[in-house]
Amino acid sequence: MLSRFCVRRKQTLPAFLLGGFAMLFVVLSSTPGYAIPAFARKYGLPCSACHEAWPKLNSFGQNFKDQGYQLNNDRDSPIWLNPSYWPVAMRITPHWHYESQGRQLVDSGGGQVEQTIKTSGFDLTGIDILTAGTLAKNVSFLLVPSIDPGDGTTGFESANVRFDNIKGSPWLNLKFGKYELDTPLTEKRIMTLSNNGGFYQLWHYAPAGDINDFTVGENQLGLELMGHSLDDHTRYAASLISSTNGNLGLPGGRSYDGYLHVSQAFMLGKLGLQRVGVYGVTGLRPTYFLTQDGVPIPGTGRGNKSFYRIGAYGNLYIGKFDLTGVYQHASDNVFLANATPANGELPEGAQGATWNVGTFEGHYVYSPKHFILGRYELVRNSRQPVSDLPSDFGNVDVFTAGYRYYPFINSRAGFAWHIEFSTLKMTKTADSGADQRSNSFFTGFDFAF
Amino acid sequence: MMTIRKLCLCIVLIATVAGTALAQGSGISSGYPTPRNGFSVSEQRGHGLYLRYCVLCHGVFGDGNGDNAPFIDPKPRDFTAATFKCRSTPTGTLPLDSDLIGTITRGVQASNMPSWRPLSDENRQDLVAYIKTFSERWKTEKAGEPIKIPAETPVTIESIRHGHELFEKMECWKCHGQQGRGDGPSASTLTDSKDQPIRPYNFALGRNDSRFKCGSENQDLYRIFMTGVDGTPMPSFADVIQPNDAWDLVHYLRTLQTGRRSKENDVLKAAGGASTLKAPENKSENVPPSDSRVQAHIGGH
């Protein structure tokens, strides 16, 4: 008789594979990030004015973004621009990459064996088409159509309008549409591009079999109230978002998720600007749908169950070196974690899933032309969805290191040579119960114009 | 055994971070390598910051001929001339460091110069230190003595009326226009010290935004009268009007910001509005300013 543990693992392995493919799809189909030379062209500033090294924003760039893509020098409105100016920028990264995925099940001689799958070749990231700017003074917009490099399907990664400085106050800005949540570590300006390192476990990890589709990293549909002090040292952002994880057409339930992020920065002598903050998100997800001929009817989600993510972070600068550390605690209701309808029966030993994530990302900006990065992420499950699973089942460790070289910097275009290595280990997730490891090596030319 | 390994890893990590931090020297980095050719530490840091933020407009040589200069109006400041608009010092003299820091912090309204408020105080000091290396004037001259700004006089309708009379008498309207919209009869003929066309300030533009190029408060406006805006046709009136007269002029000019809530506008409204002010007697087109001292200032720039 198979043990409960084995049965559980047999059930979860496909989920892991699906999850892996889903993540791979996310990485391949999503655009690498926002770096918008259209702004540089509009204002005549070099990339390095707003980016420590693009696409990573510096404090001036963050302030510019928080003001609604405005410098507030009374030249922000499009009325001041040459009529031929078109606020569009594009970004793509042709690259070569090597992937290695350990202990994958492969058919062999009528059975299956574990094998490391390796592949390499030339490839493309998704393309960013970034249109952003101001419609009028204190009315700004961002529109990011995206194209999947594989099948060419298009979508809208971002589409929002923002009313800035309402009542003349930087503390009142209202954004409406689809947008990235105001997170401590932005995935839209992530400095890593490889399959393993091109996204944050912090924003995407979920235990095997969990049906909660919410990810902090996906752009969400809703409205955001955001405010900041003039020097941007104090910031807050509160979002009310549809419980669709950014998907169009109201496919889920009728509930809303709430997100809040508060941070405070302070200048610490000659070290630089230090920032600390806390954030949290909570919401509901349906566990089943009304059906028609057995097919779920979109928008009829029922049996809502809750989840939350809360975290704290510090962003510390020591001159050219900066380190961001984020700790996040996450919890999904037992019905979500076990993919069980709320009106159904839970499996034996079922329990709500909780896990903790630590993300440490350091950068060394030798100059705006030379950028070195390192990141370590660890996910530790503190309560498995089923009680008899090993406590460390599905734990994740990811280490990523990379370097970017920007041979020239101007106000018209951006260009970088990118090289990166990332290795990921998932504990006890192989069919044999061993750990699985995957490695990614990525090198390519990242350009935006 | 594992504990020792982890301890060693921690020590290596901390040593790496500390070593990295120490190796780069103190200060908030621009990210650019800094030259060592006789510059002070502050100037070196300022050089890097200048390359990061300023060079595309103000140029490598600080002469205002950066790559983007042809597309910018008004043109970027030429630091080699050491002529600065926003000063607390008399016309023709060098500004204080705090004046330059103020401009960097505040930005210049209605120009491409943004507010660099997000930079640290040290960053701005370093930038000023580097900007001063572009002109020999900083080695041979000292900054001027800042002008004294007396306490503001009460805002009364009499003060506003007198300010209006001064506006007419000193022919401010020839450049700034009768309504302060920057559309006076001489406006289209004005050029700066580099023969570039320049527009007079439009008081009506700001609505509730009270910012001028050199500040946003009444005392900033007072200071502009008394120091002038060097490099532009706006002269210093320090030798022309008395402090109380200058305050009256400030109070009147505030009423030209018709969309802005202000004490001056409240007082004027309570007195019956702008129509109660005396109409100008001489509005002939293209008549040069009659005050010889004012004319001399304009000619000198």
# chains A, B, ... in the order shown; residues from 1 in each chain; ligands from 1
call {"tool": "residues_around", "arguments": {"residues": "segment 140-153 of chain B", "least_positions_apart": "2", "cutoff": "9 Å", "atoms": "only C-alpha atoms", "output": "PyMOL selection string"}}
result
chain B and resi 87-97+136-138+155-156+159+218-219+222-223+226-227+243-244+247-248
call {"tool": "select_by_dssp", "arguments": {"residues": "segment 330-418 of chain A", "states": "helix (DSSP H, G or I)", "output": "number ranges by chain"}}
result
A: 334-337
call {"tool": "interface_residues", "arguments": {"of": "chain A", "to": "chain B", "cutoff": "8 Å", "atoms": "only C-alpha atoms", "output": "PyMOL selection string"}}
result
chain A and resi 43-46+48-49+52+59-60+63+71-75+230-232+267+270-273+318-321+365-368+410-411
call {"tool": "write_last_selection", "arguments": {"atoms": "C-alpha atoms", "output": "mmCIF file, in the first residue's frame"}}
result
data_model
loop_
_atom_site.group_PDB
_atom_site.id
_atom_site.type_symbol
_atom_site.label_atom_id
_atom_site.label_comp_id
_atom_site.auth_asym_id
_atom_site.auth_seq_id
_atom_site.Cartn_x
_atom_site.Cartn_y
_atom_site.Cartn_z
ATOM 1 C CA TYR A 43 12.908 65.777 -21.392
ATOM 2 C CA GLY A 44 16.380 65.497 -22.874
ATOM 3 C CA LEU A 45 17.711 63.689 -19.838
ATOM 4 C CA PRO A 46 20.093 60.752 -20.044
ATOM 5 C CA SER A 48 21.204 57.636 -15.997
ATOM 6 C CA ALA A 49 19.215 60.580 -14.652
ATOM 7 C CA GLU A 52 20.900 53.766 -11.617
ATOM 8 C CA SER A 59 15.457 58.150 -6.330
ATOM 9 C CA PHE A 60 15.001 60.829 -8.990
ATOM 10 C CA ASN A 63 10.068 60.595 -7.871
ATOM 11 C CA LEU A 71 9.034 66.757 -13.709
ATOM 12 C CA ASN A 72 6.583 69.419 -12.546
ATOM 13 C CA ASN A 73 8.508 72.219 -14.213
ATOM 14 C CA ASP A 74 5.422 73.289 -16.143
ATOM 15 C CA ARG A 75 6.638 71.582 -19.304
ATOM 16 C CA LEU A 230 7.750 66.043 -2.105
ATOM 17 C CA ASP A 231 11.126 64.373 -1.701
ATOM 18 C CA ASP A 232 9.495 60.935 -1.966
ATOM 19 C CA MET A 267 19.200 59.838 4.606
ATOM 20 C CA LYS A 270 27.154 59.634 3.748
ATOM 21 C CA LEU A 271 25.830 56.156 3.156
ATOM 22 C CA GLY A 272 22.843 57.311 1.171
ATOM 23 C CA LEU A 273 19.116 56.900 1.166
ATOM 24 C CA ILE A 318 26.207 51.988 1.106
ATOM 25 C CA GLY A 319 27.373 54.309 -1.625
ATOM 26 C CA LYS A 320 27.525 52.332 -4.819
ATOM 27 C CA PHE A 321 26.343 49.168 -3.140
ATOM 28 C CA VAL A 365 26.797 50.086 -9.575
ATOM 29 C CA TYR A 366 30.442 50.588 -10.378
ATOM 30 C CA SER A 367 29.276 53.184 -12.873
ATOM 31 C CA PRO A 368 26.120 53.643 -14.903
ATOM 32 C CA ASN A 410 22.260 59.064 -24.069
ATOM 33 C CA SER A 411 18.764 60.466 -24.125
#
call {"tool": "atom_distance", "arguments": {"atom1": "atom CA of Phe214 of chain A", "atom2": "atom CA of Asn245 of chain A"}}
result
5.4 Å
call {"tool": "residues_around", "arguments": {"residues": "Phe199 of chain A", "least_positions_apart": "4", "cutoff": "8 Å", "atoms": "only C-alpha atoms", "output": "PyMOL selection string"}}
result
chain A and resi 27+187+190+192-193+195+203-204
call {"tool": "write_last_selection", "arguments": {"atoms": "N, CA and C atoms", "output": "PDB file, in the first residue's frame"}}
result
ATOM      1  N   VAL A  27       7.709  33.678 -17.850  1.00  0.00           N
ATOM      2  CA  VAL A  27       8.997  34.310 -18.130  1.00  0.00           C
ATOM      3  C   VAL A  27       9.153  34.582 -19.621  1.00  0.00           C
ATOM      4  N   GLU A 187       8.836  43.805 -10.482  1.00  0.00           N
ATOM      5  CA  GLU A 187       9.166  42.793 -11.479  1.00  0.00           C
ATOM      6  C   GLU A 187       9.176  43.396 -12.879  1.00  0.00           C
ATOM      7  N   ILE A 190      12.778  44.496 -13.298  1.00  0.00           N
ATOM      8  CA  ILE A 190      13.704  43.505 -12.757  1.00  0.00           C
ATOM      9  C   ILE A 190      15.003  43.516 -13.572  1.00  0.00           C
ATOM     10  N   THR A 192      17.055  40.991 -13.858  1.00  0.00           N
ATOM     11  CA  THR A 192      17.442  39.652 -14.274  1.00  0.00           C
ATOM     12  C   THR A 192      16.476  39.150 -15.342  1.00  0.00           C
ATOM     13  N   LEU A 193      16.995  38.350 -16.248  1.00  0.00           N
ATOM     14  CA  LEU A 193      16.190  37.976 -17.414  1.00  0.00           C
ATOM     15  C   LEU A 193      16.118  36.467 -17.653  1.00  0.00           C
ATOM     16  N   ASN A 195      15.486  32.309 -17.251  1.00  0.00           N
ATOM     17  CA  ASN A 195      14.282  31.541 -16.907  1.00  0.00           C
ATOM     18  C   ASN A 195      14.129  31.363 -15.401  1.00  0.00           C
ATOM     19  N   TRP A 203       6.971  36.821  -5.316  1.00  0.00           N
ATOM     20  CA  TRP A 203       5.658  37.226  -5.854  1.00  0.00           C
ATOM     21  C   TRP A 203       4.910  36.080  -6.522  1.00  0.00           C
ATOM     22  N   HIS A 204       5.581  34.970  -6.798  1.00  0.00           N
ATOM     23  CA  HIS A 204       4.921  33.936  -7.602  1.00  0.00           C
ATOM     24  C   HIS A 204       4.793  32.574  -6.929  1.00  0.00           C
TER      25      HIS A 204
END
call {"tool": "decode", "arguments": {"residues": "segment 27-76 of chain A", "atoms": "N, CA and C atoms", "output": "compact mmCIF listing (two decimals), in the first residue's frame"}}
result
# COMPACT_ATOMS: atom_id res chain seq x y z
N VAL A 27 7.71 33.68 -17.85
CA VAL A 27 9.00 34.31 -18.13
C VAL A 27 9.15 34.58 -19.62
N LEU A 28 8.78 33.59 -20.43
CA LEU A 28 9.00 33.75 -21.86
C LEU A 28 8.03 34.73 -22.49
N SER A 29 6.80 34.72 -21.98
CA SER A 29 5.80 35.55 -22.63
C SER A 29 5.75 36.96 -22.07
N SER A 30 6.20 37.12 -20.84
CA SER A 30 6.10 38.46 -20.28
C SER A 30 7.23 39.31 -20.80
N THR A 31 6.99 40.58 -20.76
CA THR A 31 8.01 41.50 -21.22
C THR A 31 9.00 41.73 -20.10
N PRO A 32 10.25 42.02 -20.44
CA PRO A 32 11.27 42.06 -19.41
C PRO A 32 11.15 43.23 -18.45
N GLY A 33 10.58 44.33 -18.84
CA GLY A 33 10.49 45.41 -17.87
C GLY A 33 10.35 46.76 -18.52
N TYR A 34 10.18 47.75 -17.66
CA TYR A 34 9.93 49.10 -18.15
C TYR A 34 11.22 49.92 -18.11
N ALA A 35 11.59 50.39 -19.23
CA ALA A 35 12.65 51.39 -19.35
C ALA A 35 12.22 52.20 -20.55
N ILE A 36 11.94 53.44 -20.37
CA ILE A 36 11.16 54.16 -21.37
C ILE A 36 11.96 55.31 -21.95
N PRO A 37 12.71 55.05 -23.03
CA PRO A 37 13.48 56.13 -23.64
C PRO A 37 12.61 57.27 -24.14
N ALA A 38 11.31 57.01 -24.30
CA ALA A 38 10.42 58.10 -24.72
C ALA A 38 10.47 59.25 -23.72
N PHE A 39 10.62 58.93 -22.46
CA PHE A 39 10.73 59.99 -21.45
C PHE A 39 12.05 60.74 -21.60
N ALA A 40 13.11 59.98 -21.84
CA ALA A 40 14.41 60.62 -22.01
C ALA A 40 14.38 61.57 -23.20
N ARG A 41 13.70 61.13 -24.27
CA ARG A 41 13.61 61.99 -25.45
C ARG A 41 12.77 63.23 -25.16
N LYS A 42 11.72 63.02 -24.37
CA LYS A 42 10.82 64.15 -24.08
C LYS A 42 11.53 65.23 -23.28
N TYR A 43 12.31 64.80 -22.30
CA TYR A 43 12.91 65.78 -21.39
C TYR A 43 14.38 66.05 -21.66
N GLY A 44 14.98 65.27 -22.57
CA GLY A 44 16.38 65.50 -22.87
C GLY A 44 17.32 65.04 -21.78
N LEU A 45 16.85 64.18 -20.92
CA LEU A 45 17.71 63.69 -19.84
C LEU A 45 18.31 62.34 -20.23
N PRO A 46 19.52 62.07 -19.75
CA PRO A 46 20.09 60.75 -20.04
C PRO A 46 19.39 59.66 -19.24
N CYS A 47 19.50 58.44 -19.71
CA CYS A 47 18.90 57.31 -18.98
C CYS A 47 19.35 57.32 -17.52
N SER A 48 20.63 57.72 -17.33
CA SER A 48 21.20 57.64 -16.00
C SER A 48 20.61 58.66 -15.04
N ALA A 49 19.85 59.62 -15.56
CA ALA A 49 19.22 60.58 -14.65
C ALA A 49 18.13 59.90 -13.83
N CYS A 50 17.42 58.99 -14.46
CA CYS A 50 16.31 58.32 -13.76
C CYS A 50 16.63 56.90 -13.33
N HIS A 51 17.64 56.30 -13.96
CA HIS A 51 17.96 54.91 -13.67
C HIS A 51 19.39 54.80 -13.13
N GLU A 52 19.53 54.07 -12.05
CA GLU A 52 20.90 53.77 -11.62
C GLU A 52 21.60 53.03 -12.74
N ALA A 53 20.89 52.10 -13.31
CA ALA A 53 21.26 51.42 -14.53
C ALA A 53 19.93 50.87 -15.04
N TRP A 54 19.52 51.25 -16.22
CA TRP A 54 18.16 50.91 -16.60
C TRP A 54 17.96 49.40 -16.68
N PRO A 55 16.83 48.91 -16.26
CA PRO A 55 15.60 49.63 -15.90
C PRO A 55 15.44 49.97 -14.41
N LYS A 56 16.47 49.78 -13.61
CA LYS A 56 16.34 50.07 -12.17
C LYS A 56 16.29 51.58 -11.93
N LEU A 57 15.24 52.03 -11.26
CA LEU A 57 15.09 53.45 -11.01
C LEU A 57 15.98 53.91 -9.86
N ASN A 58 16.45 55.14 -9.94
CA ASN A 58 17.08 55.76 -8.78
C ASN A 58 16.03 56.65 -8.11
N SER A 59 16.45 57.38 -7.09
CA SER A 59 15.46 58.15 -6.33
C SER A 59 14.81 59.24 -7.19
N PHE A 60 15.57 59.80 -8.12
CA PHE A 60 15.00 60.83 -8.99
C PHE A 60 13.96 60.20 -9.93
N GLY A 61 14.30 59.04 -10.48
CA GLY A 61 13.38 58.34 -11.38
C GLY A 61 12.11 57.91 -10.66
N GLN A 62 12.27 57.46 -9.42
CA GLN A 62 11.11 57.04 -8.64
C GLN A 62 10.21 58.25 -8.38
N ASN A 63 10.83 59.38 -8.10
CA ASN A 63 10.07 60.59 -7.87
C ASN A 63 9.32 61.02 -9.14
N PHE A 64 10.00 60.89 -10.27
CA PHE A 64 9.38 61.22 -11.56
C PHE A 64 8.16 60.32 -11.81
N LYS A 65 8.32 59.05 -11.52
CA LYS A 65 7.21 58.10 -11.69
C LYS A 65 6.07 58.44 -10.72
N ASP A 66 6.43 58.73 -9.49
CA ASP A 66 5.40 59.02 -8.49
C ASP A 66 4.65 60.31 -8.79
N GLN A 67 5.27 61.20 -9.54
CA GLN A 67 4.59 62.44 -9.90
C GLN A 67 3.76 62.28 -11.17
N GLY A 68 3.65 61.03 -11.62
CA GLY A 68 2.84 60.79 -12.81
C GLY A 68 3.61 61.08 -14.09
N TYR A 69 4.86 60.60 -14.13
CA TYR A 69 5.74 60.85 -15.29
C TYR A 69 5.84 62.35 -15.57
N GLN A 70 6.00 63.11 -14.53
CA GLN A 70 6.12 64.56 -14.68
C GLN A 70 7.32 65.07 -13.89
N LEU A 71 7.96 66.09 -14.44
CA LEU A 71 9.03 66.76 -13.71
C LEU A 71 8.50 67.96 -12.95
N ASN A 72 7.24 68.30 -13.22
CA ASN A 72 6.58 69.42 -12.55
C ASN A 72 7.31 70.73 -12.73
N ASN A 73 7.89 70.93 -13.91
CA ASN A 73 8.51 72.22 -14.21
C ASN A 73 7.66 72.98 -15.23
N ASP A 74 6.38 72.62 -15.27
CA ASP A 74 5.42 73.29 -16.14
C ASP A 74 5.66 73.00 -17.62
N ARG A 75 6.43 71.97 -17.91
CA ARG A 75 6.64 71.58 -19.30
C ARG A 75 6.20 70.14 -19.53
N ASP A 76 5.36 69.64 -18.64
CA ASP A 76 4.98 68.23 -18.72
C ASP A 76 3.83 67.98 -19.69
